[in-house]
Structure formats: structure tokens, C-alpha cells
Amino acid sequence: MPKFRKYEQKIRKYKEKLKKLVTRIGISYSEEFELVDDELKKLILPCHLGILFYADFDAKLFRQIESYLNQIFDSYFFEIINLGQYNFSKELLSKGVKKEYKEMKGINDKLSIHPTNKFYQSLIDIRTKDRLGMIIALTDLPIYSSSDDNILFLFGETHLKHRCSVVSTLKLKEQFYDRQKDNELFEQRVIKEIIHEIGHILMGFTHCEENSCVMRFSKNIDEIDKKSYYLCEICKIKLYKIRKDFNF
Ligand SMILES: [Zn+2]
Ligand SMILES: [Zn+2]
């Protein structure tokens, strides 16, 4: 009955597609969002940067992030604004969720992972409303890439066109690896990942090859720990050129 099996397969595929579509209603499916107004479409530097928290983070963490960002990107921001805590509505929270095991199958319970588009959608709204040049969100929820469903448990992602980023803290915690809590290490990782994503908004998608450079791609936590907070000389030159283009 090969013919029947073929149909069965087809129906199963459609069912999968439909299921995906239904769980995503209410969040943008593609990478294209409603465009913000003209003035905010163009990157103008220096600008205002907003940081939004999708979880209850210590206020001390914001001040640390702010201090490092000001150190690394010195005059790029007029102001770094703490946008406070934001929560998805219960309905939106369930949208686009994928259930996946955090590591080895069967050993742990499945976690609910959220698509990055869900964050971008609200970040773009807030960026427009508050007239910010760029915006970054910190969340303790696990995230997957909306542009590639197979990239799960991301550290962070940036939507270049709309100048917004999201960083997930889940895998930056020692507890995720069943190790003892280490707040200092956690904060270092959060700061590095935020600097990295802001670096993408300013300098584009390319990663740096230099070992200690914060713009180096990290595929795991060890690689984040190995790199520094800082930009290498090559990236500094890139940044300097941007500054020159904007005359500041
Ligand atoms: Zn990157
Ligand atoms: Zn570099």
C-alpha cells in the first residue's frame, strides 16, 4: 500500500504545519514586522538605548550593565534607560512555544522555549513609543530563533533592521548545568552577551575571530567565559569608523 502511506505522510506533514501555525497566531510569523516610523527607521548616533527586563532582575545588574556599556561604547549613547520589568500576557506567553529537552533526552523534563519574534514584536512597539534608537531585552525564558526553528536555547539574538536584541539568561546560570549558583560569574556572562548583541546592532552580523574579543561567537558557556568584555583593536577601528560617519 505505498500510495496510502504517501498520503498518510502528507497528512501528517500538513497537521504539523497547521499545529505550528495555530500555536503562533498572535505573533509575527516572518522576519518582517510593521515598520516603525521613518525617523526611527534610520540609525542616528548617538542615540538612546533602552533595556527591558522580562523577569525580576536585581536593580544592581542594570547599573553594572550600564557602566560596562558606557565604558565600551563610550559616547554612542545619550542615555541608557532602564525600561523596567515587562511581562507577556498569559495568552501571548503561550504563543509559539516549543517543548524541548534541555540536554540529553529523557533525563530532564521538557522546557518551554519561546521564539525570538515574540520579543521583537513588543520591543519594536516600545522602541517606537519611547523613541529609542535601540532596545535590548533580558529574559530568563529559554529562546529559539524565529528565523531558524532548529536553533534552540540561544544565548541571544539581534534583529538588525529593527535594532532590537534579546538575551536569554537561562543558559548563563551555573544551575542550568547542575552546578552551584555563582552570581558573579552569571553577571559577567550577562554583561558580555549584552555587549555582544549591542555590538551587532552597531557593527552588523559579522563575528570576530580574535580570541579575547567580545564580538567572538560563543557556542557554549566556556567560550563566553574565555572571552573578555572588550572589543579587540580591529573591532575598535570599526566602531571608530562608525563614529566618524556620524560626526561625533
Ligand atoms: Zn553574535
Ligand atoms: Zn574583535
# chains A, B, ... in the order shown; residues from 1 in each chain; ligands from 1
$ residues_near_ligand --ligand "ligand 1" --cutoff "8 Å" --atoms "only C-alpha atoms and all ligand atoms" --output "PyMOL selection string"
chain A and resi 156-157+196-197+200+205-207+215-218
$ write_last_selection --atoms "C-alpha atoms" --output "short mmCIF file (atom, residue, chain, number, x, y, z; two decimals), in the first residue's frame"
data_model
loop_
_atom_site.label_atom_id
_atom_site.label_comp_id
_atom_site.auth_asym_id
_atom_site.auth_seq_id
_atom_site.Cartn_x
_atom_site.Cartn_y
_atom_site.Cartn_z
CA GLY A 156 20.97 35.91 22.36
CA GLU A 157 19.81 37.22 19.00
CA HIS A 196 27.94 41.36 22.11
CA GLU A 197 24.37 41.94 20.90
CA HIS A 200 25.84 43.51 16.40
CA PHE A 205 26.21 40.48 11.89
CA THR A 206 29.87 39.57 11.40
CA HIS A 207 31.65 37.84 14.23
CA MET A 215 32.40 40.00 19.34
CA ARG A 216 33.67 36.44 19.00
CA PHE A 217 30.91 33.88 18.54
CA SER A 218 30.40 31.67 21.59
#
$ residues_near_ligand --ligand "ligand 2" --cutoff "10 Å" --atoms "only C-alpha atoms and all ligand atoms" --output "PyMOL selection string"
chain A and resi 199+206-216+230-238
$ write_last_selection --atoms "N, CA and C atoms" --output "PDB file, in the first residue's frame"
ATOM      1  N   GLY A 199      26.856  45.229  20.092  1.00  0.00           N
ATOM      2  CA  GLY A 199      27.902  45.282  19.078  1.00  0.00           C
ATOM      3  C   GLY A 199      27.351  44.901  17.705  1.00  0.00           C
ATOM      4  N   THR A 206      28.605  40.321  11.434  1.00  0.00           N
ATOM      5  CA  THR A 206      29.866  39.570  11.402  1.00  0.00           C
ATOM      6  C   THR A 206      30.423  39.346  12.805  1.00  0.00           C
ATOM      7  N   HIS A 207      30.975  38.149  12.983  1.00  0.00           N
ATOM      8  CA  HIS A 207      31.651  37.838  14.232  1.00  0.00           C
ATOM      9  C   HIS A 207      33.148  38.055  14.082  1.00  0.00           C
ATOM     10  N   CYS A 208      33.817  38.230  15.188  1.00  0.00           N
ATOM     11  CA  CYS A 208      35.254  38.483  15.176  1.00  0.00           C
ATOM     12  C   CYS A 208      35.996  37.186  15.483  1.00  0.00           C
ATOM     13  N   GLU A 209      37.171  37.036  14.892  1.00  0.00           N
ATOM     14  CA  GLU A 209      37.954  35.803  15.074  1.00  0.00           C
ATOM     15  C   GLU A 209      38.886  35.885  16.291  1.00  0.00           C
ATOM     16  N   GLU A 210      39.093  37.085  16.743  1.00  0.00           N
ATOM     17  CA  GLU A 210      40.043  37.306  17.842  1.00  0.00           C
ATOM     18  C   GLU A 210      39.541  36.624  19.134  1.00  0.00           C
ATOM     19  N   ASN A 211      40.432  35.832  19.757  1.00  0.00           N
ATOM     20  CA  ASN A 211      40.026  35.030  20.922  1.00  0.00           C
ATOM     21  C   ASN A 211      39.386  35.799  22.065  1.00  0.00           C
ATOM     22  N   SER A 212      39.992  36.933  22.408  1.00  0.00           N
ATOM     23  CA  SER A 212      39.526  37.619  23.610  1.00  0.00           C
ATOM     24  C   SER A 212      38.416  38.633  23.306  1.00  0.00           C
ATOM     25  N   CYS A 213      38.128  38.837  22.026  1.00  0.00           N
ATOM     26  CA  CYS A 213      37.167  39.882  21.646  1.00  0.00           C
ATOM     27  C   CYS A 213      35.740  39.492  22.017  1.00  0.00           C
ATOM     28  N   VAL A 214      35.011  40.441  22.544  1.00  0.00           N
ATOM     29  CA  VAL A 214      33.627  40.207  22.963  1.00  0.00           C
ATOM     30  C   VAL A 214      32.724  39.889  21.759  1.00  0.00           C
ATOM     31  N   MET A 215      33.186  40.270  20.549  1.00  0.00           N
ATOM     32  CA  MET A 215      32.402  40.003  19.340  1.00  0.00           C
ATOM     33  C   MET A 215      32.676  38.622  18.743  1.00  0.00           C
ATOM     34  N   ARG A 216      33.447  37.816  19.444  1.00  0.00           N
ATOM     35  CA  ARG A 216      33.674  36.444  19.002  1.00  0.00           C
ATOM     36  C   ARG A 216      32.406  35.635  19.261  1.00  0.00           C
ATOM     37  N   TYR A 230      35.706  43.165  26.334  1.00  0.00           N
ATOM     38  CA  TYR A 230      36.146  44.253  25.467  1.00  0.00           C
ATOM     39  C   TYR A 230      36.245  43.918  23.987  1.00  0.00           C
ATOM     40  N   LEU A 231      36.264  44.967  23.188  1.00  0.00           N
ATOM     41  CA  LEU A 231      36.437  44.839  21.745  1.00  0.00           C
ATOM     42  C   LEU A 231      37.925  44.780  21.447  1.00  0.00           C
ATOM     43  N   CYS A 232      38.302  44.009  20.428  1.00  0.00           N
ATOM     44  CA  CYS A 232      39.703  43.949  20.031  1.00  0.00           C
ATOM     45  C   CYS A 232      40.031  45.210  19.208  1.00  0.00           C
ATOM     46  N   GLU A 233      41.278  45.345  18.810  1.00  0.00           N
ATOM     47  CA  GLU A 233      41.692  46.550  18.082  1.00  0.00           C
ATOM     48  C   GLU A 233      40.956  46.695  16.753  1.00  0.00           C
ATOM     49  N   ILE A 234      40.746  45.557  16.072  1.00  0.00           N
ATOM     50  CA  ILE A 234      40.070  45.605  14.759  1.00  0.00           C
ATOM     51  C   ILE A 234      38.625  46.094  14.929  1.00  0.00           C
ATOM     52  N   CYS A 235      37.941  45.568  15.924  1.00  0.00           N
ATOM     53  CA  CYS A 235      36.553  45.990  16.162  1.00  0.00           C
ATOM     54  C   CYS A 235      36.494  47.447  16.626  1.00  0.00           C
ATOM     55  N   LYS A 236      37.503  47.844  17.385  1.00  0.00           N
ATOM     56  CA  LYS A 236      37.556  49.248  17.829  1.00  0.00           C
ATOM     57  C   LYS A 236      37.664  50.188  16.639  1.00  0.00           C
ATOM     58  N   ILE A 237      38.442  49.761  15.644  1.00  0.00           N
ATOM     59  CA  ILE A 237      38.579  50.588  14.430  1.00  0.00           C
ATOM     60  C   ILE A 237      37.242  50.676  13.700  1.00  0.00           C
ATOM     61  N   LYS A 238      36.560  49.527  13.635  1.00  0.00           N
ATOM     62  CA  LYS A 238      35.230  49.507  13.006  1.00  0.00           C
ATOM     63  C   LYS A 238      34.299  50.508  13.689  1.00  0.00           C
TER      64      LYS A 238
END
$ residues_around --residues "stretch 115-119 of chain A" --least-positions-apart "2" --cutoff "7 Å" --atoms "only C-alpha atoms" --output "ChimeraX atom specification"
/A:27-28,96-97,113,121-123,143-146
$ write_last_selection --atoms "N, CA and C atoms" --output "PDB file, in the first residue's frame"
ATOM      1  N   ILE A  27       1.542  36.085  17.020  1.00  0.00           N
ATOM      2  CA  ILE A  27       2.917  36.578  16.905  1.00  0.00           C
ATOM      3  C   ILE A  27       3.312  36.537  15.441  1.00  0.00           C
ATOM      4  N   SER A  28       4.205  37.431  15.106  1.00  0.00           N
ATOM      5  CA  SER A  28       4.587  37.559  13.715  1.00  0.00           C
ATOM      6  C   SER A  28       5.288  36.298  13.230  1.00  0.00           C
ATOM      7  N   GLY A  96       3.653  30.276  20.249  1.00  0.00           N
ATOM      8  CA  GLY A  96       4.881  29.860  19.573  1.00  0.00           C
ATOM      9  C   GLY A  96       5.801  28.984  20.396  1.00  0.00           C
ATOM     10  N   VAL A  97       5.293  28.501  21.547  1.00  0.00           N
ATOM     11  CA  VAL A  97       6.158  27.745  22.445  1.00  0.00           C
ATOM     12  C   VAL A  97       6.483  26.363  21.885  1.00  0.00           C
ATOM     13  N   ILE A 113      10.274  26.637  25.217  1.00  0.00           N
ATOM     14  CA  ILE A 113      11.167  27.634  24.614  1.00  0.00           C
ATOM     15  C   ILE A 113      10.349  28.584  23.761  1.00  0.00           C
ATOM     16  N   GLN A 121       8.563  41.636  18.596  1.00  0.00           N
ATOM     17  CA  GLN A 121       7.270  42.281  18.373  1.00  0.00           C
ATOM     18  C   GLN A 121       6.991  43.361  19.425  1.00  0.00           C
ATOM     19  N   SER A 122       7.179  43.015  20.706  1.00  0.00           N
ATOM     20  CA  SER A 122       6.908  44.033  21.728  1.00  0.00           C
ATOM     21  C   SER A 122       8.043  45.035  21.830  1.00  0.00           C
ATOM     22  N   LEU A 123       9.277  44.594  21.552  1.00  0.00           N
ATOM     23  CA  LEU A 123      10.404  45.531  21.621  1.00  0.00           C
ATOM     24  C   LEU A 123      10.273  46.645  20.587  1.00  0.00           C
ATOM     25  N   ILE A 143      15.018  30.646  24.757  1.00  0.00           N
ATOM     26  CA  ILE A 143      14.564  31.178  23.461  1.00  0.00           C
ATOM     27  C   ILE A 143      15.074  30.333  22.284  1.00  0.00           C
ATOM     28  N   TYR A 144      14.307  30.351  21.193  1.00  0.00           N
ATOM     29  CA  TYR A 144      14.792  29.778  19.929  1.00  0.00           C
ATOM     30  C   TYR A 144      14.647  30.828  18.839  1.00  0.00           C
ATOM     31  N   SER A 145      15.428  30.640  17.773  1.00  0.00           N
ATOM     32  CA  SER A 145      15.435  31.640  16.718  1.00  0.00           C
ATOM     33  C   SER A 145      14.212  31.522  15.821  1.00  0.00           C
ATOM     34  N   SER A 146      13.532  32.641  15.599  1.00  0.00           N
ATOM     35  CA  SER A 146      12.372  32.637  14.709  1.00  0.00           C
ATOM     36  C   SER A 146      12.794  32.501  13.249  1.00  0.00           C
TER      37      SER A 146
END
$ atom_distance --atom1 "atom CA of A:Leu185" --atom2 "atom CA of A:Asn82"
22.1 Å
$ select_by_dssp --residues "stretch 37-247 of chain A" --states "strand (DSSP E or B)" --output "MDAnalysis selection string"
chainID A and resid 47:54 77:85 98:101 110:115 134:139 143:144 156:159 164:168
$ select_by_dssp --residues "stretch 34-236 of chain A" --states "helix (DSSP H, G or I)" --output "PyMOL selection string"
chain A and resi 38-41+59-72+74-76+90-93+116-129+170-172+174-177+183-203+221-226+233-236
$ write_last_selection --atoms "C-alpha atoms" --output "tab-separated table (two decimals), in the first residue's frame"
chain	number	residue	atom	x	y	z
A	38	ASP	CA	10.53	56.96	9.20
A	39	GLU	CA	12.53	58.86	11.71
A	40	LEU	CA	13.17	55.73	13.74
A	41	LYS	CA	13.96	53.58	10.71
A	59	ALA	CA	18.49	46.69	40.01
A	60	LYS	CA	22.21	46.38	40.69
A	61	LEU	CA	22.52	44.36	37.49
A	62	PHE	CA	21.18	47.24	35.41
A	63	ARG	CA	23.72	49.64	36.87
A	64	GLN	CA	26.53	47.18	36.11
A	65	ILE	CA	25.35	46.69	32.54
A	66	GLU	CA	25.03	50.45	32.11
A	67	SER	CA	28.52	51.06	33.42
A	68	TYR	CA	30.12	48.50	31.09
A	69	LEU	CA	28.16	49.71	28.06
A	70	ASN	CA	29.26	53.27	28.75
A	71	GLN	CA	32.82	52.10	29.05
A	72	ILE	CA	32.88	50.07	25.84
A	74	ASP	CA	31.53	55.44	25.43
A	75	SER	CA	29.78	58.29	23.63
A	76	TYR	CA	27.41	56.19	21.50
A	90	LYS	CA	-0.78	34.90	29.72
A	91	GLU	CA	-2.10	34.41	26.22
A	92	LEU	CA	1.00	35.73	24.47
A	93	LEU	CA	3.28	33.76	26.77
A	116	THR	CA	12.62	35.46	19.36
A	117	ASN	CA	9.95	37.13	17.21
A	118	LYS	CA	7.66	37.28	20.19
A	119	PHE	CA	10.18	39.51	21.93
A	120	TYR	CA	10.95	41.59	18.86
A	121	GLN	CA	7.27	42.28	18.37
A	122	SER	CA	6.91	44.03	21.73
A	123	LEU	CA	10.40	45.53	21.62
A	124	ILE	CA	9.66	47.28	18.33
A	125	ASP	CA	6.47	48.74	19.82
A	126	ILE	CA	8.25	50.03	22.90
A	127	ARG	CA	11.17	51.37	20.88
A	128	THR	CA	8.74	53.32	18.72
A	129	LYS	CA	6.63	54.58	21.60
A	170	LEU	CA	18.79	30.65	31.37
A	171	LYS	CA	21.95	29.07	29.99
A	172	LEU	CA	24.16	31.70	31.60
A	174	GLU	CA	25.57	27.72	36.63
A	175	GLN	CA	22.43	25.98	37.93
A	176	PHE	CA	21.47	25.13	34.33
A	177	TYR	CA	24.49	22.82	34.26
A	183	ASN	CA	26.20	35.23	40.90
A	184	GLU	CA	29.40	36.97	39.90
A	185	LEU	CA	30.02	34.60	37.01
A	186	PHE	CA	26.39	34.93	35.96
A	187	GLU	CA	26.59	38.72	35.87
A	188	GLN	CA	29.83	38.63	33.89
A	189	ARG	CA	28.19	36.41	31.27
A	190	VAL	CA	25.06	38.57	31.06
A	191	ILE	CA	27.14	41.71	30.55
A	192	LYS	CA	29.30	40.07	27.86
A	193	GLU	CA	26.26	38.84	25.95
A	194	ILE	CA	24.58	42.25	26.12
A	195	ILE	CA	27.73	43.98	24.88
A	196	HIS	CA	27.94	41.36	22.11
A	197	GLU	CA	24.37	41.94	20.90
A	198	ILE	CA	24.68	45.74	21.05
A	199	GLY	CA	27.90	45.28	19.08
A	200	HIS	CA	25.84	43.51	16.40
A	201	ILE	CA	23.31	46.33	16.24
A	202	LEU	CA	26.13	48.82	15.74
A	203	MET	CA	28.56	46.84	13.59
A	221	ILE	CA	29.33	28.81	28.17
A	222	ASP	CA	33.08	28.04	28.29
A	223	GLU	CA	33.63	30.17	25.23
A	224	ILE	CA	31.75	33.06	26.84
A	225	ASP	CA	33.92	32.72	29.94
A	226	LYS	CA	37.09	32.71	27.86
A	233	GLU	CA	41.69	46.55	18.08
A	234	ILE	CA	40.07	45.60	14.76
A	235	CYS	CA	36.55	45.99	16.16
A	236	LYS	CA	37.56	49.25	17.83
$ atom_distance --atom1 "atom CA of A:Ile51" --atom2 "atom CA of A:Leu132"
10.3 Å
